[in-house]
Each structure stands twice: as C-alpha cells, then as structure tokens.
Amino acid sequence: MVRRFDKRDNRRLPYPFQSQTPIKYINAKKIEKVQLRLLTTGSSIRDIALDLSIDNISYFNQIFRQHTGVTPSEYKKNTIVEMCLFANKHVFINGSDD
C-alpha cells in the first residue's frame, strides 16, 4: 500500500525536499538544466524537453513559466538580448572591442 505524502513528514526528508514537495524539487532541477541548455546548445526546446523525459510540450512550457515567469523561447530570446547588451555596454565602457 502506498502512503500519501504529508507535509508533516518534511522533517524526515533530505534537506532539499524540506521546503517543497519532491516533484517540485525535481521540476526545479530540470528547469535549471533546461535554462543552461537553452543558452549553451543549439538544441530545440522540444528536443531538450524530450531529453529530460518531458513528453508533453505544453506541460513543459507551463512548468518552465511557473519557475521563470516566461516561456522557454522568451527566456532564450531575452537572455541572449541581455547578453548582447551587456557585451556592447562592456565594449563601450572600456573603449575597445578586444
């Protein structure tokens, strides 16, 4: 028989699970991996989701948005724009482009 998870059981769980449910913790870790892969690989959002065993893309987008406030494509676009702006600002402040 499977016993339901009760919030009172938190004190018996390893540290990472004490502030959230195990599923929320696992999803947060998956989203961290997705964020890194979105910026460091040329893989599509769908391929990244599938690699992390998330078959339902709408569910994936929903989880990602809950954790970051934006969709995966918005995250990638906004972060790349911010990185470019930072790089240009750095060049302008230093007065050189090397």
# chains A, B, ... in the order shown; residues from 1 in each chain; ligands from 1
call {"tool": "residues_around", "arguments": {"residues": "Asn56 (chain A)", "least_positions_apart": "6", "cutoff": "12 Å", "atoms": "only C-alpha atoms", "output": "ChimeraX atom specification"}}
result
/A:45-50,62-63
call {"tool": "residues_around", "arguments": {"residues": "Thr79 (chain A)", "least_positions_apart": "3", "cutoff": "12 Å", "atoms": "only C-alpha atoms", "output": "ChimeraX atom specification"}}
result
/A:35-36,38-40,68,70-76,82-86
call {"tool": "atom_distance", "arguments": {"atom1": "CA of Tyr59 (chain A)", "atom2": "CA of Lys24 (chain A)"}}
result
13.6 Å
call {"tool": "atom_distance", "arguments": {"atom1": "CA of Ser58 (chain A)", "atom2": "CA of Ala28 (chain A)"}}
result
16.6 Å
call {"tool": "atom_distance", "arguments": {"atom1": "CA of Gly69 (chain A)", "atom2": "CA of Val81 (chain A)"}}
result
16.9 Å
call {"tool": "closest_residue", "arguments": {"among": "A:Lys77, A:Ser44, A:His67, A:Asn61", "to": "Tyr25 (chain A)", "atoms": "only C-alpha atoms"}}
result
A:His67
call {"tool": "closest_residue", "arguments": {"among": "A:Arg37, A:Ile80, A:Ile31, A:Leu52", "to": "Phe64 (chain A)", "atoms": "only C-alpha atoms"}}
result
A:Ile31
call {"tool": "decode", "arguments": {"residues": "region 35-66 of chain A", "atoms": "N, CA and C atoms", "output": "short mmCIF file (atom, residue, chain, number, x, y, z; two decimals), in the first residue's frame"}}
result
data_model
loop_
_atom_site.label_atom_id
_atom_site.label_comp_id
_atom_site.auth_asym_id
_atom_site.auth_seq_id
_atom_site.Cartn_x
_atom_site.Cartn_y
_atom_site.Cartn_z
N GLN A 35 17.46 25.71 -18.65
CA GLN A 35 17.97 27.08 -18.81
C GLN A 35 19.40 27.05 -19.33
N LEU A 36 20.22 26.20 -18.77
CA LEU A 36 21.61 26.10 -19.21
C LEU A 36 21.69 25.60 -20.64
N ARG A 37 20.92 24.57 -20.95
CA ARG A 37 20.97 24.00 -22.31
C ARG A 37 20.42 24.94 -23.36
N LEU A 38 19.42 25.76 -22.98
CA LEU A 38 18.86 26.72 -23.94
C LEU A 38 19.94 27.72 -24.39
N LEU A 39 20.83 28.05 -23.49
CA LEU A 39 21.84 29.06 -23.79
C LEU A 39 23.15 28.48 -24.31
N THR A 40 23.40 27.20 -24.09
CA THR A 40 24.70 26.66 -24.46
C THR A 40 24.67 25.64 -25.59
N THR A 41 23.47 25.27 -26.04
CA THR A 41 23.39 24.31 -27.15
C THR A 41 22.48 24.87 -28.23
N GLY A 42 22.53 24.27 -29.36
CA GLY A 42 21.64 24.65 -30.46
C GLY A 42 20.40 23.77 -30.51
N SER A 43 20.20 22.97 -29.48
CA SER A 43 19.06 22.05 -29.46
C SER A 43 17.74 22.81 -29.41
N SER A 44 16.72 22.24 -30.02
CA SER A 44 15.40 22.85 -29.98
C SER A 44 14.79 22.65 -28.58
N ILE A 45 13.81 23.47 -28.26
CA ILE A 45 13.13 23.37 -26.98
C ILE A 45 12.49 21.99 -26.85
N ARG A 46 11.90 21.51 -27.92
CA ARG A 46 11.27 20.18 -27.91
C ARG A 46 12.29 19.08 -27.62
N ASP A 47 13.46 19.14 -28.27
CA ASP A 47 14.50 18.13 -28.03
C ASP A 47 15.01 18.17 -26.59
N ILE A 48 15.17 19.37 -26.05
CA ILE A 48 15.63 19.50 -24.67
C ILE A 48 14.60 18.89 -23.72
N ALA A 49 13.33 19.19 -23.95
CA ALA A 49 12.26 18.65 -23.10
C ALA A 49 12.24 17.13 -23.18
N LEU A 50 12.35 16.59 -24.38
CA LEU A 50 12.33 15.14 -24.54
C LEU A 50 13.54 14.47 -23.88
N ASP A 51 14.70 15.12 -23.96
CA ASP A 51 15.90 14.59 -23.31
C ASP A 51 15.74 14.51 -21.80
N LEU A 52 14.90 15.38 -21.25
CA LEU A 52 14.66 15.39 -19.80
C LEU A 52 13.40 14.61 -19.44
N SER A 53 12.94 13.79 -20.36
CA SER A 53 11.77 12.91 -20.15
C SER A 53 10.48 13.67 -19.93
N ILE A 54 10.33 14.81 -20.60
CA ILE A 54 9.07 15.56 -20.56
C ILE A 54 8.49 15.47 -21.95
N ASP A 55 7.48 14.61 -22.12
CA ASP A 55 6.91 14.34 -23.44
C ASP A 55 5.88 15.39 -23.87
N ASN A 56 5.20 15.99 -22.92
CA ASN A 56 4.13 16.93 -23.21
C ASN A 56 4.70 18.35 -23.22
N ILE A 57 4.82 18.94 -24.41
CA ILE A 57 5.45 20.25 -24.55
C ILE A 57 4.64 21.35 -23.86
N SER A 58 3.30 21.27 -23.90
CA SER A 58 2.53 22.32 -23.20
C SER A 58 2.75 22.25 -21.70
N TYR A 59 2.84 21.03 -21.16
CA TYR A 59 3.13 20.87 -19.73
C TYR A 59 4.53 21.41 -19.42
N PHE A 60 5.47 21.12 -20.30
CA PHE A 60 6.83 21.62 -20.15
C PHE A 60 6.84 23.15 -20.12
N ASN A 61 6.15 23.78 -21.08
CA ASN A 61 6.08 25.25 -21.10
C ASN A 61 5.43 25.80 -19.84
N GLN A 62 4.40 25.11 -19.36
CA GLN A 62 3.70 25.54 -18.14
C GLN A 62 4.64 25.49 -16.93
N ILE A 63 5.37 24.41 -16.77
CA ILE A 63 6.30 24.27 -15.65
C ILE A 63 7.40 25.32 -15.75
N PHE A 64 7.93 25.49 -16.96
CA PHE A 64 9.01 26.46 -17.16
C PHE A 64 8.54 27.86 -16.79
N ARG A 65 7.34 28.21 -17.24
CA ARG A 65 6.79 29.54 -16.96
C ARG A 65 6.54 29.73 -15.45
N GLN A 66 6.09 28.70 -14.76
CA GLN A 66 5.88 28.78 -13.32
C GLN A 66 7.19 29.10 -12.59
#
